[in-house]
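Enquirer: Below is input25.txt; it holds compact mmCIF, C-alpha atoms.
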```txt
# COMPACT_ATOMS: atom_id res chain seq x y z
CA MET A 478 28.88 68.21 32.60
CA ARG A 479 29.26 64.44 32.20
CA ARG A 480 26.04 62.95 30.77
CA LEU A 481 24.60 59.45 30.88
CA TYR A 482 21.87 58.52 28.42
CA HIS A 483 19.71 55.76 29.84
CA ILE A 484 16.35 54.05 30.21
CA PRO A 485 15.13 53.34 33.76
CA LEU A 486 14.59 49.56 33.70
CA SER A 487 17.77 48.60 31.84
CA PRO A 488 20.19 46.49 33.95
CA PHE A 489 23.09 47.89 31.90
CA CYS A 490 22.11 51.52 32.49
CA ARG A 491 21.58 50.80 36.18
CA LYS A 492 25.00 49.19 36.42
CA VAL A 493 26.63 52.37 35.08
CA ARG A 494 24.56 54.68 37.30
CA VAL A 495 25.66 52.75 40.38
CA ALA A 496 29.27 52.57 39.19
CA LEU A 497 29.42 56.35 38.68
CA ALA A 498 27.85 56.97 42.08
CA GLU A 499 30.20 54.51 43.83
CA LYS A 500 33.16 56.34 42.30
CA GLY A 501 31.75 59.69 43.42
CA LEU A 502 31.48 61.00 39.85
CA GLY A 503 28.66 63.45 39.19
CA PHE A 504 26.55 63.12 36.07
CA GLU A 505 23.43 64.40 34.41
CA LEU A 506 20.99 61.59 33.68
CA ARG A 507 19.06 61.83 30.42
CA THR A 508 16.33 59.44 29.43
CA GLU A 509 16.72 58.24 25.85
CA LEU A 510 14.29 55.74 24.34
CA PRO A 511 16.49 53.87 21.82
CA TRP A 512 13.49 52.77 19.73
CA ASP A 513 12.71 56.46 18.96
CA ARG A 514 15.95 56.54 16.90
CA ARG A 515 16.33 60.26 17.53
CA PRO A 516 18.77 61.69 14.91
CA GLU A 517 20.73 63.75 17.48
CA PHE A 518 21.30 60.61 19.57
CA LEU A 519 22.28 58.50 16.55
CA ALA A 520 24.85 61.16 15.69
CA LEU A 521 26.36 60.63 19.15
CA ASN A 522 26.08 56.82 19.04
CA PRO A 523 25.50 55.28 15.60
CA ALA A 524 24.71 51.96 17.34
CA GLY A 525 21.67 53.72 18.81
CA GLU A 526 21.95 52.04 22.20
CA VAL A 527 21.94 53.00 25.86
CA PRO A 528 23.78 53.34 28.17
CA LEU A 529 25.95 55.98 26.54
CA LEU A 530 28.43 58.04 28.53
CA VAL A 531 29.54 61.44 27.23
CA GLU A 532 32.36 62.96 29.23
CA GLU A 533 32.87 66.66 29.92
CA ASP A 534 35.52 66.39 27.17
CA GLU A 535 32.91 65.56 24.55
CA ARG A 536 35.39 63.66 22.40
CA ILE A 537 35.05 60.83 24.94
CA VAL A 538 31.82 59.05 24.05
CA ILE A 539 31.46 55.44 25.21
CA PRO A 540 28.60 52.97 24.77
CA ASP A 541 28.30 49.52 26.39
CA SER A 542 28.14 49.19 30.16
CA GLN A 543 31.32 47.16 30.53
CA ALA A 544 33.29 49.43 28.18
CA ILE A 545 32.13 52.38 30.29
CA CYS A 546 33.12 50.68 33.55
CA GLU A 547 36.53 49.66 32.20
CA TYR A 548 37.04 53.28 31.16
CA LEU A 549 35.93 54.60 34.55
CA ASP A 550 38.29 52.29 36.47
CA GLU A 551 41.12 53.39 34.20
CA ALA A 552 40.38 57.14 34.15
CA TYR A 553 39.47 57.41 37.86
CA PRO A 554 41.56 54.73 39.54
CA ASP A 555 41.34 56.00 43.15
CA ARG A 556 38.23 54.02 43.98
CA ARG A 557 38.58 50.95 41.79
CA LEU A 558 35.46 48.89 41.25
CA MET A 559 37.35 45.86 40.00
CA GLY A 560 39.89 45.87 42.81
CA PHE A 561 43.66 46.17 42.57
CA ASP A 562 44.80 42.56 42.73
CA PRO A 563 45.09 40.93 39.25
CA VAL A 564 43.38 37.74 40.49
CA ILE A 565 40.41 39.71 41.83
CA ARG A 566 40.25 41.80 38.66
CA ALA A 567 40.17 38.63 36.55
CA GLU A 568 37.43 37.17 38.73
CA THR A 569 35.47 40.43 38.59
CA ARG A 570 35.67 40.47 34.80
CA ARG A 571 34.60 36.82 34.68
CA LEU A 572 31.51 37.56 36.78
CA THR A 573 30.56 40.81 35.05
CA ALA A 574 30.62 38.88 31.75
CA TRP A 575 28.50 36.18 33.44
CA PHE A 576 25.75 38.60 34.50
CA ASP A 577 25.95 40.92 31.48
CA GLN A 578 25.75 38.08 29.01
CA LYS A 579 24.69 34.72 30.43
CA PHE A 580 22.17 36.01 32.99
CA GLN A 581 20.88 38.54 30.44
CA ARG A 582 20.47 35.86 27.75
CA GLU A 583 18.95 33.20 30.00
CA VAL A 584 16.82 35.27 32.37
CA THR A 585 16.41 38.96 31.65
CA ILE A 586 15.50 38.71 27.98
CA TYR A 587 12.88 36.10 28.88
CA ILE A 588 11.31 38.05 31.73
CA LEU A 589 12.02 41.77 31.49
CA TYR A 590 11.92 42.02 27.71
CA GLU A 591 8.68 40.05 27.59
CA LYS A 592 6.98 41.99 30.35
CA VAL A 593 8.25 45.51 29.64
CA ASN A 594 10.04 46.10 26.36
CA LYS A 595 7.34 44.50 24.25
CA ARG A 596 4.81 46.82 25.83
CA LEU A 597 6.96 49.97 25.67
CA SER A 598 7.95 49.46 22.07
CA ASN A 599 4.34 48.68 21.17
CA ARG A 600 4.90 45.28 19.72
CA THR A 601 3.04 42.16 20.85
CA ASP A 602 1.67 40.61 24.02
CA PRO A 603 4.05 38.92 26.47
CA SER A 604 4.40 35.15 26.15
CA GLY A 605 3.67 33.18 29.34
CA ASP A 606 5.86 30.29 28.21
CA THR A 607 8.83 32.59 27.68
CA ILE A 608 8.39 34.18 31.11
CA ARG A 609 8.15 30.76 32.77
CA ALA A 610 11.36 29.65 31.05
CA GLY A 611 13.08 32.78 32.37
CA GLN A 612 11.82 32.14 35.90
CA ALA A 613 13.18 28.56 35.77
CA ASN A 614 16.56 29.83 34.55
CA LEU A 615 16.56 32.50 37.26
CA ARG A 616 16.57 29.76 39.90
CA VAL A 617 19.80 28.34 38.46
CA HIS A 618 21.42 31.76 38.73
CA MET A 619 20.07 32.33 42.25
CA ASN A 620 21.75 29.07 43.24
CA TYR A 621 25.01 30.25 41.68
CA ILE A 622 24.90 33.55 43.58
CA ALA A 623 24.15 31.64 46.79
CA TRP A 624 27.06 29.29 46.10
CA LEU A 625 29.40 32.30 45.65
CA VAL A 626 28.31 34.24 48.73
CA GLU A 627 28.53 31.18 50.93
CA ARG A 628 32.25 31.14 50.10
CA ARG A 629 33.04 34.86 49.94
CA ARG A 630 31.93 38.10 51.54
CA TRP A 631 31.03 39.59 48.13
CA LEU A 632 30.64 37.98 44.71
CA ALA A 633 34.23 38.34 43.49
CA GLY A 634 36.02 38.33 46.85
CA GLU A 635 36.27 40.20 50.13
CA GLU A 636 35.45 43.64 48.71
CA PHE A 637 32.24 45.04 47.23
CA GLY A 638 32.77 45.76 43.56
CA LEU A 639 31.63 45.67 39.96
CA ALA A 640 30.55 42.02 40.05
CA ASP A 641 28.10 42.87 42.84
CA ILE A 642 26.92 45.99 41.02
CA THR A 643 26.35 44.07 37.79
CA ALA A 644 24.40 41.23 39.41
CA ALA A 645 22.38 43.58 41.61
CA ALA A 646 21.51 45.81 38.65
CA GLN A 647 20.07 42.78 36.86
CA LEU A 648 18.15 41.59 39.92
CA SER A 649 16.82 45.06 40.71
CA CYS A 650 15.03 45.21 37.35
CA LEU A 651 13.44 41.83 37.91
CA ASP A 652 12.57 42.86 41.46
CA TYR A 653 10.65 45.86 40.09
CA LEU A 654 8.46 43.30 38.32
CA GLY A 655 8.09 41.17 41.48
CA SER A 656 9.90 38.31 39.70
CA VAL A 657 12.62 37.45 42.24
CA PRO A 658 11.84 34.53 44.60
CA TRP A 659 13.77 36.07 47.52
CA ASP A 660 12.25 33.86 50.19
CA ASP A 661 13.60 30.69 48.59
CA TYR A 662 17.14 32.07 48.58
CA PRO A 663 17.92 33.63 51.99
CA ALA A 664 21.68 33.75 51.28
CA VAL A 665 21.05 35.78 48.13
CA LYS A 666 18.67 38.09 49.99
CA GLU A 667 21.30 38.59 52.68
CA TRP A 668 23.84 39.61 50.02
CA TYR A 669 21.36 41.85 48.17
CA ALA A 670 19.94 43.76 51.16
CA PRO A 671 23.14 45.73 51.94
CA VAL A 672 23.70 46.42 48.22
CA LYS A 673 20.21 47.84 47.99
CA SER A 674 20.88 50.03 51.03
CA ARG A 675 23.95 51.71 49.57
CA PRO A 676 23.47 55.41 48.72
CA SER A 677 24.56 54.62 45.14
CA PHE A 678 21.54 52.33 44.77
CA ARG A 679 18.87 54.67 46.13
CA PRO A 680 18.07 56.53 42.87
CA LEU A 681 17.25 53.18 41.22
CA LEU A 682 14.61 52.52 43.85
CA MET A 683 12.93 55.82 42.94
CA ASP A 684 12.51 54.91 39.25
CA ARG A 685 8.96 54.43 38.11
CA VAL A 686 7.78 53.23 34.72
CA ALA A 687 4.35 54.49 33.66
CA GLY A 688 1.74 51.76 33.89
CA LEU A 689 3.96 49.39 35.90
CA THR A 690 3.79 49.63 39.67
CA PRO A 691 6.56 47.81 41.57
CA PRO A 692 5.67 45.56 44.52
CA ALA A 693 5.62 47.16 47.99
CA HIS A 694 8.96 45.61 48.98
CA TYR A 695 10.78 47.09 45.95
CA PRO A 696 11.84 50.41 47.50
CA ASP A 697 11.86 48.97 51.05
CA LEU A 698 15.43 48.79 52.40
CA ASP A 699 14.36 46.37 55.10
CA PHE A 700 12.51 44.01 52.77
CA MET B 250 52.45 27.98 30.10
CA ARG B 251 49.61 30.41 29.26
CA ARG B 252 46.74 28.51 27.58
CA LEU B 253 43.92 29.66 25.34
CA TYR B 254 40.90 27.39 24.89
CA HIS B 255 39.24 28.04 21.56
CA ILE B 256 37.35 26.83 18.52
CA PRO B 257 38.78 27.67 15.10
CA LEU B 258 35.92 29.57 13.42
CA SER B 259 34.92 31.74 16.40
CA PRO B 260 35.46 35.47 15.78
CA PHE B 261 35.94 35.94 19.53
CA CYS B 262 38.64 33.27 19.80
CA ARG B 263 40.35 34.65 16.71
CA LYS B 264 40.32 38.14 18.19
CA VAL B 265 42.17 36.89 21.30
CA ARG B 266 44.68 34.80 19.28
CA VAL B 267 45.60 37.88 17.22
CA ALA B 268 45.71 40.12 20.31
CA LEU B 269 48.11 37.73 22.10
CA ALA B 270 50.32 37.47 19.01
CA GLU B 271 50.35 41.25 18.48
CA LYS B 272 51.49 41.70 22.07
CA GLY B 273 54.19 39.06 21.60
CA LEU B 274 52.72 36.82 24.30
CA GLY B 275 53.26 33.09 23.80
CA PHE B 276 50.41 30.67 24.43
CA GLU B 277 49.37 27.09 23.99
CA LEU B 278 46.23 26.79 21.88
CA ARG B 279 43.76 24.11 22.91
CA THR B 280 40.64 23.28 20.94
CA GLU B 281 37.59 22.99 23.19
CA LEU B 282 34.17 22.25 21.73
CA PRO B 283 31.83 24.02 24.19
CA TRP B 284 28.85 21.83 23.27
CA ASP B 285 30.75 18.76 24.60
CA ARG B 286 30.36 20.28 28.10
CA ARG B 287 33.53 18.51 29.28
CA PRO B 288 33.54 18.44 33.12
CA GLU B 289 37.20 19.49 33.39
CA PHE B 290 36.49 22.53 31.24
CA LEU B 291 33.33 23.43 33.14
CA ALA B 292 35.38 23.35 36.34
CA LEU B 293 37.66 25.98 34.79
CA ASN B 294 34.81 28.05 33.33
CA PRO B 295 31.33 27.34 34.71
CA ALA B 296 29.86 29.41 31.84
CA GLY B 297 31.21 26.70 29.53
CA GLU B 298 32.31 29.14 26.83
CA VAL B 299 35.34 29.86 24.69
CA PRO B 300 37.58 31.80 24.44
CA LEU B 301 39.02 31.14 27.88
CA LEU B 302 42.46 32.39 28.90
CA VAL B 303 44.35 30.65 31.70
CA GLU B 304 47.50 32.43 32.73
CA GLU B 305 50.72 30.79 33.92
CA ASP B 306 49.48 31.86 37.38
CA GLU B 307 46.48 29.56 37.16
CA ARG B 308 44.44 31.72 39.52
CA ILE B 309 43.98 34.09 36.60
CA VAL B 310 41.24 32.56 34.46
CA ILE B 311 39.32 34.92 32.14
CA PRO B 312 36.49 34.23 29.72
CA ASP B 313 35.00 36.67 27.20
CA SER B 314 37.16 38.11 24.42
CA GLN B 315 36.84 41.73 25.51
CA ALA B 316 37.49 40.92 29.18
CA ILE B 317 40.62 39.06 28.08
CA CYS B 318 41.81 41.97 25.91
CA GLU B 319 41.16 44.52 28.67
CA TYR B 320 43.20 42.30 31.00
CA LEU B 321 46.03 41.94 28.46
CA ASP B 322 46.28 45.70 27.87
CA GLU B 323 46.38 46.22 31.61
CA ALA B 324 48.80 43.42 32.53
CA TYR B 325 51.14 43.93 29.54
CA PRO B 326 50.91 47.66 28.80
CA ASP B 327 54.08 48.02 26.68
CA ARG B 328 52.34 47.32 23.39
CA ARG B 329 48.84 48.64 24.00
CA LEU B 330 46.16 47.47 21.59
CA MET B 331 43.73 50.21 22.58
CA GLY B 332 46.27 53.02 22.33
CA PHE B 333 47.39 55.43 25.05
CA ASP B 334 45.26 58.49 24.38
CA PRO B 335 41.93 58.44 26.31
CA VAL B 336 39.98 59.59 23.24
CA ILE B 337 41.42 56.77 21.12
CA ARG B 338 40.81 54.25 23.90
CA ALA B 339 37.16 55.36 24.13
CA GLU B 340 36.77 55.09 20.36
CA THR B 341 38.45 51.67 20.35
CA ARG B 342 36.09 50.42 23.05
CA ARG B 343 33.11 51.83 21.13
CA LEU B 344 34.14 49.95 18.00
CA THR B 345 35.05 46.67 19.69
CA ALA B 346 31.57 46.71 21.26
CA TRP B 347 30.15 47.44 17.79
CA PHE B 348 31.78 44.41 16.17
CA ASP B 349 31.53 42.07 19.17
CA GLN B 350 27.86 42.76 19.69
CA LYS B 351 26.10 44.55 16.84
CA PHE B 352 27.97 42.90 13.95
CA GLN B 353 27.75 39.55 15.74
CA ARG B 354 23.99 39.90 16.31
CA GLU B 355 23.12 41.26 12.87
CA VAL B 356 25.52 39.35 10.64
CA THR B 357 27.57 36.55 12.17
CA ILE B 358 24.77 34.74 13.97
CA TYR B 359 22.76 34.79 10.74
CA ILE B 360 25.54 33.51 8.48
CA LEU B 361 28.23 31.69 10.44
CA TYR B 362 25.94 30.10 13.01
CA GLU B 363 23.56 28.95 10.30
CA LYS B 364 26.24 27.54 8.03
CA VAL B 365 28.64 26.06 10.58
CA ASN B 366 27.43 25.80 14.17
CA LYS B 367 24.18 24.09 13.28
CA ARG B 368 26.14 21.45 11.41
CA LEU B 369 28.87 21.02 14.05
CA SER B 370 26.46 20.74 16.92
CA ASN B 371 24.29 18.31 14.94
CA ARG B 372 21.11 20.25 15.02
CA THR B 373 19.13 21.24 11.96
CA ASP B 374 19.69 22.36 8.37
CA PRO B 375 20.71 25.96 7.66
CA SER B 376 17.94 28.37 6.74
CA GLY B 377 18.40 30.18 3.41
CA ASP B 378 16.25 33.10 4.56
CA THR B 379 18.36 33.61 7.66
CA ILE B 380 21.57 33.57 5.65
CA ARG B 381 20.17 36.07 3.15
CA ALA B 382 19.16 38.41 5.99
CA GLY B 383 22.73 38.20 7.34
CA GLN B 384 24.19 38.97 3.90
CA ALA B 385 21.95 42.05 3.59
CA ASN B 386 23.00 43.24 7.06
CA LEU B 387 26.65 42.59 6.20
CA ARG B 388 26.41 45.21 3.43
CA VAL B 389 25.38 47.84 5.99
CA HIS B 390 28.44 47.02 8.08
CA MET B 391 30.76 46.98 5.04
CA ASN B 392 29.54 50.50 4.29
CA TYR B 393 30.26 51.54 7.86
CA ILE B 394 33.81 50.14 7.70
CA ALA B 395 34.33 51.92 4.37
CA TRP B 396 33.05 55.17 5.90
CA LEU B 397 35.53 54.82 8.78
CA VAL B 398 38.59 53.98 6.69
CA GLU B 399 37.89 56.79 4.25
CA ARG B 400 38.36 59.13 7.21
CA ARG B 401 41.12 57.39 9.16
CA ARG B 402 44.16 55.23 8.51
CA TRP B 403 42.75 52.45 10.77
CA LEU B 404 39.30 51.93 12.24
CA ALA B 405 39.77 53.81 15.52
CA GLY B 406 42.44 56.29 14.41
CA GLU B 407 45.95 56.52 13.02
CA GLU B 408 47.26 53.34 14.68
CA PHE B 409 46.39 49.69 14.10
CA GLY B 410 44.69 48.28 17.18
CA LEU B 411 41.98 46.25 18.83
CA ALA B 412 39.14 47.73 16.75
CA ASP B 413 40.85 46.47 13.59
CA ILE B 414 41.57 43.10 15.18
CA THR B 415 37.95 42.70 16.30
CA ALA B 416 36.44 43.62 12.94
CA ALA B 417 38.98 41.55 10.97
CA ALA B 418 38.40 38.52 13.21
CA GLN B 419 34.69 38.70 12.40
CA LEU B 420 35.26 39.15 8.67
CA SER B 421 37.88 36.39 8.52
CA CYS B 422 35.31 33.82 9.68
CA LEU B 423 32.81 34.95 7.06
CA ASP B 424 35.61 34.98 4.48
CA TYR B 425 36.30 31.31 5.25
CA LEU B 426 32.73 30.68 4.08
CA GLY B 427 33.15 32.85 0.97
CA SER B 428 30.48 35.22 2.31
CA VAL B 429 32.27 38.60 2.06
CA PRO B 430 31.50 40.65 -1.10
CA TRP B 431 35.02 42.14 -1.25
CA ASP B 432 34.78 43.37 -4.84
CA ASP B 433 31.86 45.66 -4.01
CA TYR B 434 33.83 47.33 -1.21
CA PRO B 435 37.36 48.16 -2.44
CA ALA B 436 38.03 50.50 0.50
CA VAL B 437 37.28 47.69 2.94
CA LYS B 438 39.44 45.27 0.99
CA GLU B 439 42.27 47.81 1.04
CA TRP B 440 41.99 48.03 4.83
CA TYR B 441 41.69 44.25 5.30
CA ALA B 442 44.59 43.16 3.04
CA PRO B 443 47.39 44.51 5.29
CA VAL B 444 45.62 43.15 8.40
CA LYS B 445 45.49 39.72 6.81
CA SER B 446 49.22 39.97 5.98
CA ARG B 447 50.31 40.60 9.55
CA PRO B 448 52.26 37.72 11.14
CA SER B 449 49.70 37.68 13.97
CA PHE B 450 46.99 36.79 11.46
CA ARG B 451 48.78 33.95 9.64
CA PRO B 452 47.77 31.10 11.98
CA LEU B 453 44.08 31.96 11.37
CA LEU B 454 44.58 31.43 7.64
CA MET B 455 45.86 27.91 8.37
CA ASP B 456 42.72 26.85 10.25
CA ARG B 457 40.64 24.22 8.54
CA VAL B 458 37.26 22.87 9.65
CA ALA B 459 36.50 19.30 8.57
CA GLY B 460 33.98 19.20 5.75
CA LEU B 461 34.22 22.93 5.00
CA THR B 462 36.79 24.02 2.42
CA PRO B 463 37.48 27.77 2.31
CA PRO B 464 37.55 29.55 -1.07
CA ALA B 465 40.92 29.79 -2.87
CA HIS B 466 41.39 33.45 -1.93
CA TYR B 467 40.99 32.77 1.82
CA PRO B 468 44.68 32.06 2.64
CA ASP B 469 45.94 34.23 -0.24
CA LEU B 470 47.69 37.35 1.09
CA ASP B 471 47.40 39.03 -2.28
CA PHE B 472 43.70 38.30 -2.78
```
Would you give me this structure, written as structure tokens?

Expert:
Amino acid sequence: MRRLYHIPLSPFCRKVRVALAEKGLGFELRTELPWDRRPEFLALNPAGEVPLLVEEDERIVIPDSQAICEYLDEAYPDRRLMGFDPVIRAETRRLTAWFDQKFQREVTIYILYEKVNKRLSNRTDPSGDTIRAGQANLRVHMNYIAWLVERRRWLAGEEFGLADITAAAQLSCLDYLGSVPWDDYPAVKEWYAPVKSRPSFRPLLMDRVAGLTPPAHYPDLDF
Amino acid sequence: MRRLYHIPLSPFCRKVRVALAEKGLGFELRTELPWDRRPEFLALNPAGEVPLLVEEDERIVIPDSQAICEYLDEAYPDRRLMGFDPVIRAETRRLTAWFDQKFQREVTIYILYEKVNKRLSNRTDPSGDTIRAGQANLRVHMNYIAWLVERRRWLAGEEFGLADITAAAQLSCLDYLGSVPWDDYPAVKEWYAPVKSRPSFRPLLMDRVAGLTPPAHYPDLDF
């Protein structure tokens, strides 16, 4: 069976889990802690990173969330997550790069990596200054999402797709930590609530990381 | 006409220039220094980054080298840079992610960004320790390239493609700085020489950055 190696609070792993579910593709989910550097996993992916997708045909082994999603839209084109129109596909790719790279660099690394990864990988204490910088940057991105959804039904256009999945996967990890100022951004909350309610998103709301309890609203669909 | 916004010593911009040339797609090359934050450019790409591709149909605007290359293989499928076979396409995507992300993070940021970007963007002096760390990491990647090309004609398989372009674009920037220990890695040199000789690669060898003279072997096809 198709396998996805993941860690629970990774925005990139979450993005792929939702993408697979939205496309109706079954998969076995395996937790893989990259910092363990397990030899059997390194043999599958010498880069040692998650997410990693291994298809039923085990010669197809793909790391990197966007590489996986490009592959999925190509191999299973019936339910395309980047749309069919070239303009929408370009816009979807622009926004997935935005959230995978810019949001990750400016927000997620500062908040999630400080609060969680440092603890899990047994390194040092989180830095308050770094977390505050991430929270300030998050407000810039919340404004950008608001700006987009005031002009369009979904982030890249009139259809739900990979841009929404990518942004929501990032926000869902921060939401687990209680770090998203939803009340200050009603337009963003209004976009996020129906994403969170999709069946594809439910398993993410069940994830729990030992020692870190999410806020009460985290699994609440009517938050 | 199709336009590509770029800076000369960016591995990502070089990757797209070679990809366009390999596909026989004409384009106008415009130099855009991202740190200038030119309002007209930010209106095109709010992320403010290069490379940025703007198609003749100006509604198609795509940042991010891999997003651009995925688009190009989709929109102009006759000469595919990721191959046709799903296994080869998966392997090509694995390796482009390797060089775009892992090589970039472990080598290029330590060497190229220290030696060039700090100077161009008028910040601080390069750090010798950082550069030495990058050079040590580069040797690990040179070994990996050697390992691949001892088993295959090209990096991802029997055909030249995007994995080769991505790796060669990275190495070409370091080569401009005289930072690649070619003589210690004859198998890598043997793979790189014919890449460097391809017509698509020639314009890169003409690039010059003010104040930085490349070593004599840099433009030499028979180096």

Enquirer: What are the residues of chain A that have an atom within 6 Å of an atom of chain B, counting only C-alpha atoms, as a list in words?

Expert: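 So the contacting residues turn out to be Ile537, Ile539, Pro540, Ala544, Val564, Ala567, Arg570 and Arg571 of chain A.
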
Enquirer: So which one's closest to Ser449 in chain B, B:Pro464, B:Arg368, B:Gly273, B:Val389? Using only C-alpha atoms, please.

Expert: B:Gly273

Enquirer: Within 9 Å of (30.5, 45.6, 10.7) in the file's own coordinates, which protein, DNA or RNA residues have an atom, counting all atoms listed in the file? List them as a list in words.

Expert: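 Every polymer residue passing the test: Trp347, Phe348, Lys351, Phe352, Gln353, Glu355, Val356, Asn386, Leu387, Arg388, Val389, His390, Met391, Asn392, Tyr393, Ile394, Ala416, Gln419 and Leu420 of chain B.
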
Enquirer: Provide the CA of Leu321 in chain B to CA of Leu269 in chain B distance in Å, to one decimal place.

Expert: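 So the two atoms, CA of Leu321 in chain B and CA of Leu269 in chain B, lie 7.9 Å apart.
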
Enquirer: Could you name the residues that touch Phe504 in chain A at 9 Å or less, counting only C-alpha atoms, but leaving out those on the same chain fewer than 6 positions away, as a PyMOL selection string?

Expert: chain A and resi 478-481+494+497-498+532

Enquirer: Put the listed atoms of range 267-285 of chain B in a box along x, y and z with 8 Å added on every side and give me the centre and edge lengths in Å to one decimal, as JSON.

Expert:
```
{"center_x": 41.5, "center_y": 30.2, "center_z": 20.9, "size_x": 41.3, "size_y": 38.9, "size_z": 23.4}
```

Enquirer: For Phe472 in chain B, which residue out of B:Leu361, B:Ala292, B:Leu454, B:Ala442 is the nearest one, using all atoms listed in the file?

Expert: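 Checking each candidate against Phe472 in chain B, we get B:Ala442 as the closest.
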
Enquirer: Could you work out how far CA of Asp433 in chain B lies from CA of Asp471 in chain B, giving the answer in Å with one decimal?

Expert: 17.0 Å

Enquirer: Name the residues in contact with Asn594 in chain A at a cut-off of 12 Å, using only C-alpha atoms, excluding same-chain residues fewer than 5 positions from it; report them as a ChimeraX atom specification.

Expert: /A:484-487,510-512,585-589,599-603,686,689

Enquirer: One decimal, in Å: what's the spacing between CA of Tyr482 in chain A and CA of Leu698 in chain A?

Expert: 26.7 Å

Enquirer: Determine, counting all atoms listed in the file, every residue of protein, DNA or RNA that lies within 9 Å of (11.7, 48.9, 45.6) in the file coordinates, then give the result as number ranges by chain.

Expert: A: 649, 652-653, 673, 681-684, 691-698, 700

Enquirer: Here is a test: counting all atoms listed in the file, which residue of A:Phe561, A:Tyr662, A:Phe489, A:Phe678 is nearest to Glu627 in chain A?

Expert: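 Distance minimum relative to Glu627 in chain A lands on A:Tyr662.
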
Enquirer: Which residue out of B:Glu439, B:Asp334, B:Glu289, B:Glu277 has the minimum interatomic distance to Glu408 in chain B when only C-alpha atoms are used?

Expert: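 The closest residue to Glu408 in chain B is B:Asp334.
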
Enquirer: Would you pick out the contacts of Tyr441 in chain B at 10 Å or less, using all atoms listed in the file, so that residues sharing its chain but fewer than 2 positions from it are not included, and give the list as a PyMOL selection string?

Expert: chain B and resi 403+413-414+416-417+420-421+431+435-439+443-446
